[in-house]
>>> print(open('final.csv').read())   # CSV, C-alpha atoms
chain,number,residue,atom,x,y,z
K,1,LEU,CA,-20.4,-9.4,-1.6
K,2,ARG,CA,-23.8,-8.3,-0.6
K,3,LYS,CA,-25.1,-5.8,2.0
K,4,ASN,CA,-28.6,-4.8,3.0
K,5,VAL,CA,-29.2,-1.7,5.2
K,6,GLU,CA,-31.9,0.3,6.8
K,7,ASP,CA,-31.2,3.6,8.4
K,8,PHE,CA,-32.4,6.9,9.8
K,9,THR,CA,-30.6,10.1,10.9
K,10,GLY,CA,-30.7,12.2,14.1
K,11,PRO,CA,-29.2,15.6,14.8
K,12,ARG,CA,-26.6,15.8,17.6
K,13,GLU,CA,-24.7,19.0,18.4
K,14,ARG,CA,-25.6,20.5,15.1
K,15,SER,CA,-23.9,17.7,13.1
K,16,ASP,CA,-25.8,14.9,11.4
K,17,LEU,CA,-25.5,11.5,13.1
K,18,GLY,CA,-26.5,8.5,10.9
K,19,PHE,CA,-27.5,5.1,12.2
K,20,VAL,CA,-27.0,2.1,9.9
K,21,THR,CA,-27.7,-1.6,10.3
K,22,PHE,CA,-26.3,-4.0,7.8
K,23,ASP,CA,-25.7,-7.5,6.8
K,24,ILE,CA,-22.4,-8.7,5.3
K,25,THR,CA,-21.9,-11.8,3.2
K,26,ALA,CA,-18.4,-12.0,1.9
K,27,ASP,CA,-15.7,-14.3,0.7
K,28,ILE,CA,-12.2,-12.9,1.1
K,29,LEU,CA,-10.1,-14.2,-1.7
K,30,ASN,CA,-6.7,-13.6,-3.0
K,31,GLY,CA,-7.2,-11.6,-6.2
K,32,LYS,CA,-4.0,-12.6,-7.8
K,33,ASN,CA,-4.6,-16.4,-7.5
K,34,GLY,CA,-8.2,-16.3,-8.7
K,35,LEU,CA,-10.4,-18.1,-6.2
K,36,GLN,CA,-7.6,-19.2,-3.7
K,37,THR,CA,-8.1,-18.2,-0.1
K,38,ILE,CA,-6.4,-15.0,1.0
K,39,PHE,CA,-4.6,-16.7,3.9
K,40,ASP,CA,-1.3,-17.8,2.3
K,41,TRP,CA,2.0,-18.5,4.1
K,42,ASN,CA,2.7,-14.8,4.5
K,43,VAL,CA,-0.6,-13.5,5.7
K,44,LYS,CA,-0.7,-13.0,9.5
K,45,GLN,CA,-4.1,-11.4,9.7
K,46,LEU,CA,-6.7,-9.2,7.9
K,47,PHE,CA,-8.0,-5.9,9.3
K,48,LEU,CA,-11.5,-5.6,7.8
K,49,TYR,CA,-13.5,-2.4,7.8
K,50,LEU,CA,-16.8,-1.2,6.5
K,51,SER,CA,-16.6,2.4,5.3
K,52,ALA,CA,-19.2,4.8,4.2
K,53,GLU,CA,-18.2,7.2,1.4
K,54,TYR,CA,-20.2,10.2,0.4
K,55,SER,CA,-20.1,13.8,-0.8
K,56,THR,CA,-21.7,16.8,0.9
K,57,LYS,CA,-22.0,20.5,0.3
K,58,ASN,CA,-19.3,21.1,3.0
K,59,ASN,CA,-16.9,18.5,1.9
K,60,ALA,CA,-16.2,17.0,-1.6
K,61,LEU,CA,-15.2,13.6,-0.1
K,62,ASN,CA,-16.1,12.0,3.2
K,63,GLN,CA,-15.2,8.6,4.4
K,64,VAL,CA,-16.3,7.2,7.8
K,65,VAL,CA,-15.4,3.7,9.1
K,66,LEU,CA,-18.5,2.3,10.6
K,67,TRP,CA,-17.3,-1.1,11.6
K,68,ASP,CA,-14.1,-3.2,11.7
K,69,LYS,CA,-13.0,-6.7,12.5
K,70,ILE,CA,-9.7,-8.4,12.9
K,71,MET,CA,-9.5,-11.8,11.1
K,72,LEU,CA,-6.6,-13.9,12.2
K,73,ARG,CA,-4.9,-16.6,10.1
K,74,GLY,CA,-6.9,-19.7,10.8
K,75,ASP,CA,-10.2,-17.9,11.0
K,76,ASN,CA,-12.9,-18.7,8.4
K,77,PRO,CA,-12.4,-16.2,5.5
K,78,ARG,CA,-16.2,-16.2,4.9
K,79,LEU,CA,-18.3,-13.6,6.6
K,80,PHE,CA,-22.0,-14.1,7.2
K,81,LEU,CA,-23.1,-11.4,9.5
K,82,LYS,CA,-26.7,-10.2,10.0
K,83,ASP,CA,-28.3,-7.2,11.6
K,84,MET,CA,-25.0,-5.6,12.6
K,85,LYS,CA,-25.0,-2.2,14.1
K,86,SER,CA,-22.2,0.2,13.4
K,87,LYS,CA,-19.4,0.1,15.9
K,88,TYR,CA,-18.5,3.8,15.6
K,89,PHE,CA,-20.7,6.9,15.5
K,90,PHE,CA,-21.5,8.0,12.0
K,91,PHE,CA,-21.1,11.7,12.5
K,92,ASP,CA,-20.9,14.0,9.5
K,93,ASP,CA,-18.9,17.1,9.5
K,94,GLY,CA,-22.0,19.3,9.2
K,95,ASN,CA,-25.5,18.4,8.0
K,96,GLY,CA,-24.6,16.5,4.9
K,97,LEU,CA,-26.4,13.2,5.7
K,98,LYS,CA,-29.9,14.6,5.6
K,99,GLY,CA,-31.4,13.7,2.3
K,100,ASN,CA,-28.2,12.4,0.9
K,101,ARG,CA,-29.1,9.7,-1.6
K,102,ASN,CA,-25.5,8.7,-2.4
K,103,VAL,CA,-23.9,7.2,0.6
K,104,THR,CA,-21.9,4.1,-0.5
K,105,LEU,CA,-20.9,1.4,1.8
K,106,THR,CA,-17.8,-0.7,0.9
K,107,LEU,CA,-16.0,-3.5,2.6
K,108,SER,CA,-12.2,-3.2,2.5
K,109,TRP,CA,-9.3,-4.9,4.2
K,110,ASN,CA,-5.7,-4.3,5.2
K,111,VAL,CA,-3.6,-7.4,4.6
K,112,VAL,CA,-1.0,-7.7,7.4
K,113,PRO,CA,1.9,-10.0,6.3
K,114,ASN,CA,4.3,-11.8,8.6
K,115,ALA,CA,6.8,-9.6,6.9
K,116,GLY,CA,6.6,-7.3,3.9
K,117,ILE,CA,4.2,-5.0,2.1
K,118,LEU,CA,1.0,-3.8,3.7
K,119,PRO,CA,-1.6,-3.6,1.0
K,120,LEU,CA,-5.1,-2.2,1.3
K,121,VAL,CA,-7.7,-4.0,-0.8
K,122,THR,CA,-11.2,-2.9,-1.5
K,123,GLY,CA,-13.9,-5.6,-1.9
K,124,SER,CA,-15.7,-6.0,-5.2
K,125,GLY,CA,-19.2,-5.0,-4.1
K,126,HIS,CA,-20.8,-2.0,-2.6
K,127,VAL,CA,-24.2,-0.8,-1.6
K,128,SER,CA,-25.8,2.6,-1.8
K,129,VAL,CA,-27.6,3.8,1.3
K,130,PRO,CA,-30.1,6.7,0.8
K,131,PHE,CA,-30.6,8.8,3.9
K,132,PRO,CA,-34.1,10.2,4.5
K,133,ASP,CA,-34.9,13.9,4.3
K,134,THR,CA,-36.1,14.2,7.9
K,135,TYR,CA,-34.6,13.6,11.3
K,136,GLU,CA,-35.9,11.0,13.7
K,137,THR,CA,-36.7,12.5,17.1
K,138,THR,CA,-37.4,9.2,18.9
K,139,LYS,CA,-34.4,7.2,20.0
K,140,SER,CA,-35.3,3.8,18.8
K,141,TYR,CA,-31.8,2.7,17.9
M,1,ARG,CA,62.2,7.7,32.9
M,2,GLU,CA,62.7,7.8,29.1
M,3,GLY,CA,64.5,4.5,29.2
M,4,ALA,CA,61.7,2.8,31.1
M,5,ALA,CA,59.1,4.0,28.5
M,6,THR,CA,61.2,2.7,25.6
M,7,SER,CA,61.8,-0.7,27.1
M,8,ARG,CA,58.0,-0.9,27.9
M,9,ARG,CA,57.3,-0.2,24.2
M,10,ARG,CA,59.6,-2.9,23.0
M,11,ARG,CA,58.1,-5.3,25.4
M,12,GLY,CA,54.6,-4.4,24.2
M,13,ALA,CA,54.5,-7.2,21.6
M,14,ALA,CA,55.5,-9.8,24.2
M,15,LEU,CA,53.2,-8.7,27.0
M,16,ARG,CA,51.0,-11.4,28.3
M,17,GLY,CA,47.3,-10.9,29.0
M,18,GLY,CA,45.4,-12.4,26.1
M,19,PRO,CA,44.0,-10.9,22.9
M,20,ALA,CA,43.0,-7.5,24.5
M,21,MET,CA,46.7,-6.8,25.2
M,22,ASP,CA,47.7,-7.9,21.7
M,23,LEU,CA,45.2,-5.3,20.4
M,24,PHE,CA,46.8,-2.5,22.3
M,25,GLY,CA,50.2,-3.7,21.2
M,26,ASP,CA,48.9,-3.5,17.6
M,27,LEU,CA,47.7,0.1,18.2
M,28,ARG,CA,51.1,1.2,19.5
M,29,ARG,CA,52.9,-0.4,16.6
M,30,MET,CA,50.9,1.4,13.9
M,31,ASN,CA,52.5,4.5,12.8
M,32,LYS,CA,50.6,7.8,12.5
M,33,ARG,CA,49.9,7.5,8.8
M,34,GLN,CA,48.1,4.2,9.3
M,35,LEU,CA,46.1,5.7,12.1
M,36,TYR,CA,44.9,8.6,10.0
M,37,TYR,CA,44.0,6.1,7.2
M,38,GLN,CA,41.9,4.1,9.7
M,39,VAL,CA,40.2,7.3,10.9
M,40,LEU,CA,39.4,8.3,7.3
M,41,ASN,CA,38.1,4.8,6.7
M,42,PHE,CA,35.8,5.1,9.7
M,43,ALA,CA,34.6,8.6,8.6
M,44,MET,CA,33.8,7.2,5.1
M,45,ILE,CA,31.7,4.5,6.6
M,46,VAL,CA,29.8,6.9,8.8
M,47,SER,CA,29.3,9.3,5.8
M,48,SER,CA,28.0,6.5,3.6
M,49,ALA,CA,25.5,5.4,6.2
M,50,LEU,CA,24.3,9.0,6.5
M,51,MET,CA,24.0,9.4,2.8
M,52,ILE,CA,21.9,6.2,2.5
M,53,TRP,CA,19.6,7.5,5.2
M,54,LYS,CA,19.3,10.9,3.5
M,55,GLY,CA,18.7,9.2,0.2
M,56,LEU,CA,15.8,7.2,1.8
M,57,ILE,CA,14.4,10.4,3.1
M,58,VAL,CA,14.4,11.9,-0.4
M,59,ILE,CA,13.0,8.8,-2.1
M,60,THR,CA,10.2,8.3,0.3
M,61,GLY,CA,9.4,11.9,0.9
M,62,SER,CA,9.2,11.2,4.6
M,63,GLU,CA,11.4,12.8,7.3
M,64,SER,CA,11.6,9.4,9.0
M,65,PRO,CA,11.2,6.6,6.5
M,66,ILE,CA,11.9,3.8,9.0
M,67,VAL,CA,10.2,3.8,12.4
M,68,VAL,CA,10.0,1.4,15.3
M,69,VAL,CA,6.7,0.6,16.9
M,70,LEU,CA,6.8,1.6,20.5
M,71,SER,CA,3.4,0.7,21.9
M,72,GLY,CA,0.9,-2.1,21.7
M,73,SER,CA,-1.9,0.1,20.4
M,74,MET,CA,-1.9,-1.5,17.0
M,75,GLU,CA,-1.9,-5.1,18.2
M,76,PRO,CA,-2.2,-7.8,17.0
M,77,ALA,CA,-1.0,-6.4,13.7
M,78,PHE,CA,2.1,-4.6,15.1
M,79,HIS,CA,3.9,-5.2,18.3
M,80,ARG,CA,6.5,-3.2,20.2
M,81,GLY,CA,9.8,-3.6,18.4
M,82,ASP,CA,8.4,-4.1,14.9
M,83,LEU,CA,9.9,-2.0,12.1
M,84,LEU,CA,7.7,0.0,9.8
M,85,PHE,CA,8.7,1.4,6.3
M,86,LEU,CA,7.0,4.7,5.4
M,87,THR,CA,6.3,6.8,2.4
M,88,ASN,CA,4.9,10.2,2.3
M,89,PHE,CA,4.3,11.1,-1.3
M,90,HIS,CA,2.6,14.5,-1.7
M,91,ASP,CA,0.1,13.2,-4.2
M,92,ASP,CA,-0.9,10.2,-2.2
M,93,PRO,CA,-4.4,10.9,-0.8
M,94,ILE,CA,-5.2,10.0,2.8
M,95,ARG,CA,-8.0,7.5,2.8
M,96,ALA,CA,-9.9,5.7,5.6
M,97,GLY,CA,-8.3,2.4,6.6
M,98,GLU,CA,-4.7,3.5,5.9
M,99,ILE,CA,-2.1,3.2,8.6
M,100,VAL,CA,-0.4,6.6,9.2
M,101,VAL,CA,2.4,7.7,11.4
M,102,PHE,CA,1.8,11.2,12.7
M,103,LYS,CA,3.2,13.6,15.2
M,104,VAL,CA,1.0,15.7,17.5
M,105,GLU,CA,2.0,19.3,17.5
M,106,GLY,CA,4.5,20.0,20.2
M,107,ARG,CA,5.3,16.3,20.9
M,108,ASP,CA,8.4,14.5,19.6
M,109,ILE,CA,7.1,11.0,19.6
M,110,PRO,CA,5.4,9.8,16.4
M,111,ILE,CA,2.3,7.7,16.7
M,112,VAL,CA,1.2,4.8,14.5
M,113,HIS,CA,-2.5,4.4,14.1
M,114,ARG,CA,-5.2,3.9,11.5
M,115,VAL,CA,-7.3,6.5,9.8
M,116,ILE,CA,-11.0,6.0,10.6
M,117,LYS,CA,-12.6,9.2,9.3
M,118,ILE,CA,-11.7,11.7,6.6
M,119,HIS,CA,-13.4,14.9,5.4
M,120,GLU,CA,-11.8,16.4,2.4
M,121,LYS,CA,-12.7,19.6,0.7
M,122,GLU,CA,-12.7,20.2,-3.1
M,123,ASN,CA,-9.4,22.0,-2.9
M,124,GLY,CA,-7.7,19.0,-1.3
M,125,ASN,CA,-7.7,20.3,2.3
M,126,ILE,CA,-8.3,17.3,4.4
M,127,LYS,CA,-9.0,16.7,8.1
M,128,PHE,CA,-8.9,13.2,9.5
M,129,LEU,CA,-9.3,11.2,12.7
M,130,THR,CA,-7.2,8.2,13.8
M,131,LYS,CA,-7.6,5.3,16.2
M,132,GLY,CA,-5.3,2.5,17.3
M,133,ASP,CA,-6.7,-0.9,16.4
M,134,ASN,CA,-6.2,-2.1,19.9
M,135,ASN,CA,-7.7,1.0,21.6
M,136,GLU,CA,-11.3,1.3,22.5
M,137,VAL,CA,-11.6,5.0,21.7
M,138,ASP,CA,-10.3,7.3,18.9
M,139,ASP,CA,-7.2,9.4,19.3
M,140,ARG,CA,-8.9,12.7,20.2
M,141,GLY,CA,-7.5,12.3,23.7
M,142,LEU,CA,-4.0,12.2,22.3
M,143,TYR,CA,-4.3,15.3,20.1
M,144,LYS,CA,-3.5,18.8,21.3
M,145,GLU,CA,-5.9,20.5,23.7
M,146,GLY,CA,-8.9,21.6,21.6
M,147,GLN,CA,-7.6,19.8,18.5
M,148,ASN,CA,-10.2,17.5,17.0
M,149,TRP,CA,-8.7,16.6,13.7
M,150,LEU,CA,-5.3,15.9,12.1
M,151,GLU,CA,-4.1,17.5,8.9
M,152,LYS,CA,-1.7,16.5,6.2
M,153,LYS,CA,1.1,18.5,7.9
M,154,ASP,CA,0.9,16.3,10.9
M,155,VAL,CA,1.7,13.1,8.9
M,156,VAL,CA,5.2,11.7,9.0
M,157,GLY,CA,4.3,9.0,6.5
M,158,ARG,CA,2.1,6.1,5.6
M,159,ALA,CA,3.0,2.5,6.6
M,160,ARG,CA,3.8,0.6,3.4
M,161,GLY,CA,5.8,-2.4,4.7
M,162,PHE,CA,6.8,-4.0,7.9
M,163,LEU,CA,9.4,-6.3,9.5
M,164,PRO,CA,8.7,-7.9,12.8
M,165,TYR,CA,11.1,-7.8,15.8
M,166,VAL,CA,14.0,-6.0,14.0
M,167,GLY,CA,13.4,-2.7,15.8
M,168,MET,CA,13.9,-4.2,19.2
M,169,VAL,CA,17.6,-3.3,19.0
M,170,THR,CA,16.7,0.4,18.9
M,171,ILE,CA,14.4,0.0,21.9
M,172,ILE,CA,17.0,-1.8,23.9
M,173,MET,CA,19.5,0.9,23.0
M,174,ASN,CA,17.1,3.6,24.2
M,175,ASP,CA,16.2,1.9,27.5
M,176,TYR,CA,19.7,0.8,28.3
M,177,PRO,CA,22.1,3.6,27.1
M,178,LYS,CA,25.1,1.7,28.5
M,179,PHE,CA,24.4,-1.0,25.9
M,180,LYS,CA,24.3,1.7,23.2
M,181,TYR,CA,27.7,3.1,24.2
M,182,ALA,CA,29.2,-0.3,24.5
M,183,LEU,CA,28.0,-1.2,21.0
M,184,LEU,CA,29.4,2.0,19.6
M,185,ALA,CA,32.7,1.5,21.4
M,186,VAL,CA,33.0,-2.0,20.0
M,187,MET,CA,32.1,-0.9,16.5
M,188,GLY,CA,34.5,2.1,16.6
M,189,ALA,CA,37.3,0.0,18.0
M,190,TYR,CA,36.8,-2.7,15.3
M,191,VAL,CA,36.9,-0.2,12.5
M,192,LEU,CA,39.9,1.8,13.8
M,193,LEU,CA,42.0,-1.2,14.6
M,194,LYS,CA,41.1,-3.5,11.8
M,195,ARG,CA,44.1,-3.7,9.5
M,196,GLU,CA,43.8,-4.5,5.8
M,197,SER,CA,46.4,-7.2,5.3
>>> encode(input="final.csv", output="structure tokens")
Amino acid sequence: LRKNVEDFTGPRERSDLGFVTFDITADILNGKNGLQTIFDWNVKQLFLYLSAEYSTKNNALNQVVLWDKIMLRGDNPRLFLKDMKSKYFFFDDGNGLKGNRNVTLTLSWNVVPNAGILPLVTGSGHVSVPFPDTYETTKSY
Amino acid sequence: REGAATSRRRRGAALRGGPAMDLFGDLRRMNKRQLYYQVLNFAMIVSSALMIWKGLIVITGSESPIVVVLSGSMEPAFHRGDLLFLTNFHDDPIRAGEIVVFKVEGRDIPIVHRVIKIHEKENGNIKFLTKGDNNEVDDRGLYKEGQNWLEKKDVVGRARGFLPYVGMVTIIMNDYPKFKYALLAVMGAYVLLKRES
């Protein structure tokens, strides 16, 4: 699982707003069966989401979902996405993004069965995104 | 008049009219003790069902451990009529990506959506935002006036398991109360009149 990102921040209504572009290369496998595909007889779909996790002065733990995708049974369980923009606004609760060196992006997914348990699985790879110390004033997103 | 009533009673067993009339004949023939026994049987079944439900509430920590999905806002994962099994353990942290069932203050109807943002303080205080998978926007429009975040106290439980379609019965009973009463009447009649031979 690999991701590359570039980013900058902008202030909006006194809260930090982060902009992230990313690539995702991933193979969704069933952990229990080694390298077998995740789509077995009881998997109806996967709800994939890319979340950013970080700490700030205001809050010990923050998690923001930046992007999500529904993968139905029958779809290719390999992802090869480039230059994706976040689907949702990456607002912080305060000004904790500025100069934050430790924002981690992880890909996780919710397995939705035809019937049964709903597990949440975190992918085995993550990327740290350091945010710059200054705000961008030009809107070049 | 008394004579007419007695003769009608004796004729009860031989009345024509199919199985329904036989049932009433049965009922009249049972003596009072048997009737009380049947009522107690019925009460025991109801009590056991209630105890199982209360037990589930204790084990899962949720005030409503089994809920029916009412809307299509979580499609294609969950559809109207699907059944969800919830837990609400106090030590379970709320994390992004989890499916939670929550109640907006002042409203009865619980909502099933996904957590998309959390901000948690060191002392464990958490505020979070939800959104239905099938909705374009987050749930801020559904919260109370001026409310921007949900808190732990708003959570009824976290969805841990699910069964499709099974909850449709509850929806039908809600939308067609006559069906509900008919079902209850049939169940009640069966339990009261069934005889252990």
>>> atom_distance(input="final.csv", atom1="atom CA of Ile45 of chain M", atom2="atom CA of Leu192 of chain M")
11.2 Å
>>> closest_residue(input="final.csv", among="M:Leu83, M:Leu70, M:Ile99, M:Val115", to="Asp138 of chain M", atoms="all atoms listed in the file")
M:Val115
>>> interface_residues(input="final.csv", of="chain M", to="chain K", cutoff="7 Å", atoms="only C-alpha atoms", output="PyMOL selection string")
chain M and resi 77+96+116-122+160-164
>>> atom_distance(input="final.csv", atom1="atom CA of Phe78 of chain M", atom2="atom CA of Leu150 of chain M")
22.0 Å
>>> residues_around(input="final.csv", residues="Phe89 of chain K", least_positions_apart="5", cutoff="8 Å", atoms="all atoms listed in the file", output="short mmCIF file (atom, residue, chain, number, x, y, z; two decimals) with C-alpha atoms, keeping the file's coordinate frame")
data_model
loop_
_atom_site.label_atom_id
_atom_site.label_comp_id
_atom_site.auth_asym_id
_atom_site.auth_seq_id
_atom_site.Cartn_x
_atom_site.Cartn_y
_atom_site.Cartn_z
CA LEU K 17 -25.50 11.50 13.10
CA GLY K 18 -26.50 8.50 10.90
CA PHE K 19 -27.50 5.10 12.20
CA LEU K 66 -18.50 2.30 10.60
#
>>> atom_distance(input="final.csv", atom1="atom CA of Leu86 of chain M", atom2="atom CA of Glu98 of chain M")
11.8 Å
>>> residues_around(input="final.csv", residues="Asn135 of chain M", least_positions_apart="3", cutoff="7 Å", atoms="all atoms listed in the file", output="count of residues only")
3
>>> residues_around(input="final.csv", residues="segment 61-66 of chain M", least_positions_apart="2", cutoff="8 Å", atoms="only C-alpha atoms", output="list in words")
Leu56, Ile57, Val58, Ile59, Val68, Leu83, Leu84, Phe85, Leu86, Thr87, Asn88, Phe89, His90, Val156 and Gly157 of chain M
>>> write_last_selection(input="final.csv", atoms="C-alpha atoms", output="short mmCIF file (atom, residue, chain, number, x, y, z; two decimals), in the frame of the given file")
data_model
loop_
_atom_site.label_atom_id
_atom_site.label_comp_id
_atom_site.auth_asym_id
_atom_site.auth_seq_id
_atom_site.Cartn_x
_atom_site.Cartn_y
_atom_site.Cartn_z
CA LEU M 56 15.80 7.20 1.80
CA ILE M 57 14.40 10.40 3.10
CA VAL M 58 14.40 11.90 -0.40
CA ILE M 59 13.00 8.80 -2.10
CA VAL M 68 10.00 1.40 15.30
CA LEU M 83 9.90 -2.00 12.10
CA LEU M 84 7.70 0.00 9.80
CA PHE M 85 8.70 1.40 6.30
CA LEU M 86 7.00 4.70 5.40
CA THR M 87 6.30 6.80 2.40
CA ASN M 88 4.90 10.20 2.30
CA PHE M 89 4.30 11.10 -1.30
CA HIS M 90 2.60 14.50 -1.70
CA VAL M 156 5.20 11.70 9.00
CA GLY M 157 4.30 9.00 6.50
#
>>> residues_near_point(input="final.csv", point="(-5.2, 0.9, 18.5)", cutoff="9 Å", atoms="only C-alpha atoms", output="list in words")
Gly72, Ser73, Met74, Glu75, Val112, His113, Arg114, Thr130, Lys131, Gly132, Asp133, Asn134, Asn135, Glu136, Val137, Asp138 and Asp139 of chain M
>>> residues_around(input="final.csv", residues="Tyr37 of chain M", least_positions_apart="3", cutoff="12 Å", atoms="all atoms listed in the file", output="list in words")
Met30, Asn31, Lys32, Arg33, Gln34, Leu40, Asn41, Phe42, Ala43, Met44, Val191, Leu192, Leu193, Lys194, Arg195 and Glu196 of chain M
>>> residues_around(input="final.csv", residues="Asp108 of chain M", least_positions_apart="4", cutoff="12 Å", atoms="only C-alpha atoms", output="number ranges by chain")
M: 102-104, 154, 156
>>> closest_residue(input="final.csv", among="M:Trp53, M:Phe128, M:Tyr143, M:Tyr165", to="Val69 of chain M", atoms="only C-alpha atoms")
M:Tyr165
>>> decode(input="final.csv", residues="segment 95-113 of chain M", atoms="N, CA, C and O atoms", output="mmCIF file, in the first residue's frame")
data_model
loop_
_atom_site.group_PDB
_atom_site.id
_atom_site.type_symbol
_atom_site.label_atom_id
_atom_site.label_comp_id
_atom_site.auth_asym_id
_atom_site.auth_seq_id
_atom_site.Cartn_x
_atom_site.Cartn_y
_atom_site.Cartn_z
ATOM 1 N N ARG M 95 -14.452 5.776 16.504
ATOM 2 C CA ARG M 95 -13.416 6.072 15.523
ATOM 3 C C ARG M 95 -14.023 6.313 14.157
ATOM 4 O O ARG M 95 -15.101 5.816 13.833
ATOM 5 N N ALA M 96 -13.304 7.052 13.328
ATOM 6 C CA ALA M 96 -13.794 7.376 11.985
ATOM 7 C C ALA M 96 -14.010 6.093 11.203
ATOM 8 O O ALA M 96 -13.212 5.161 11.279
ATOM 9 N N GLY M 97 -15.097 6.024 10.463
ATOM 10 C CA GLY M 97 -15.389 4.844 9.653
ATOM 11 C C GLY M 97 -16.393 3.925 10.304
ATOM 12 O O GLY M 97 -17.005 3.084 9.633
ATOM 13 N N GLU M 98 -16.620 4.076 11.613
ATOM 14 C CA GLU M 98 -17.570 3.197 12.281
ATOM 15 C C GLU M 98 -18.995 3.603 11.942
ATOM 16 O O GLU M 98 -19.282 4.771 11.689
ATOM 17 N N ILE M 99 -19.868 2.596 11.961
ATOM 18 C CA ILE M 99 -21.276 2.873 11.712
ATOM 19 C C ILE M 99 -21.955 2.989 13.065
ATOM 20 O O ILE M 99 -21.966 2.047 13.844
ATOM 21 N N VAL M 100 -22.521 4.167 13.351
ATOM 22 C CA VAL M 100 -23.179 4.366 14.642
ATOM 23 C C VAL M 100 -24.660 4.632 14.465
ATOM 24 O O VAL M 100 -25.097 5.156 13.439
ATOM 25 N N VAL M 101 -25.421 4.249 15.496
ATOM 26 C CA VAL M 101 -26.831 4.593 15.552
ATOM 27 C C VAL M 101 -26.959 5.645 16.637
ATOM 28 O O VAL M 101 -26.547 5.427 17.771
ATOM 29 N N PHE M 102 -27.490 6.801 16.283
ATOM 30 C CA PHE M 102 -27.573 7.880 17.261
ATOM 31 C C PHE M 102 -28.953 8.503 17.230
ATOM 32 O O PHE M 102 -29.719 8.334 16.285
ATOM 33 N N LYS M 103 -29.253 9.220 18.329
ATOM 34 C CA LYS M 103 -30.538 9.923 18.401
ATOM 35 C C LYS M 103 -30.249 11.399 18.530
ATOM 36 O O LYS M 103 -29.432 11.800 19.357
ATOM 37 N N VAL M 104 -30.917 12.207 17.745
ATOM 38 C CA VAL M 104 -30.780 13.646 17.898
ATOM 39 C C VAL M 104 -31.638 14.064 19.083
ATOM 40 O O VAL M 104 -32.761 13.591 19.237
ATOM 41 N N GLU M 105 -31.083 14.950 19.905
ATOM 42 C CA GLU M 105 -31.794 15.399 21.104
ATOM 43 C C GLU M 105 -33.190 15.859 20.759
ATOM 44 O O GLU M 105 -33.373 16.706 19.880
ATOM 45 N N GLY M 106 -34.161 15.315 21.449
ATOM 46 C CA GLY M 106 -35.518 15.764 21.214
ATOM 47 C C GLY M 106 -36.243 14.977 20.135
ATOM 48 O O GLY M 106 -37.429 15.171 19.914
ATOM 49 N N ARG M 107 -35.535 14.085 19.444
ATOM 50 C CA ARG M 107 -36.230 13.291 18.433
ATOM 51 C C ARG M 107 -36.179 11.825 18.827
ATOM 52 O O ARG M 107 -35.201 11.342 19.365
ATOM 53 N N ASP M 108 -37.293 11.126 18.507
ATOM 54 C CA ASP M 108 -37.385 9.709 18.881
ATOM 55 C C ASP M 108 -36.622 8.788 17.978
ATOM 56 O O ASP M 108 -36.136 7.758 18.395
ATOM 57 N N ILE M 109 -36.592 9.144 16.699
ATOM 58 C CA ILE M 109 -36.141 8.162 15.713
ATOM 59 C C ILE M 109 -34.627 8.108 15.638
ATOM 60 O O ILE M 109 -33.982 9.124 15.373
ATOM 61 N N PRO M 110 -34.040 6.941 15.883
ATOM 62 C CA PRO M 110 -32.589 6.822 15.774
ATOM 63 C C PRO M 110 -32.155 6.788 14.296
ATOM 64 O O PRO M 110 -32.902 6.342 13.444
ATOM 65 N N ILE M 111 -30.939 7.285 14.063
ATOM 66 C CA ILE M 111 -30.417 7.354 12.700
ATOM 67 C C ILE M 111 -29.161 6.500 12.598
ATOM 68 O O ILE M 111 -28.311 6.524 13.493
ATOM 69 N N VAL M 112 -29.038 5.773 11.497
ATOM 70 C CA VAL M 112 -27.857 4.924 11.286
ATOM 71 C C VAL M 112 -26.971 5.552 10.230
ATOM 72 O O VAL M 112 -27.331 5.578 9.060
ATOM 73 N N HIS M 113 -25.811 6.083 10.631
ATOM 74 C CA HIS M 113 -24.894 6.672 9.671
ATOM 75 C C HIS M 113 -23.461 6.382 10.048
ATOM 76 O O HIS M 113 -23.189 5.796 11.090
#
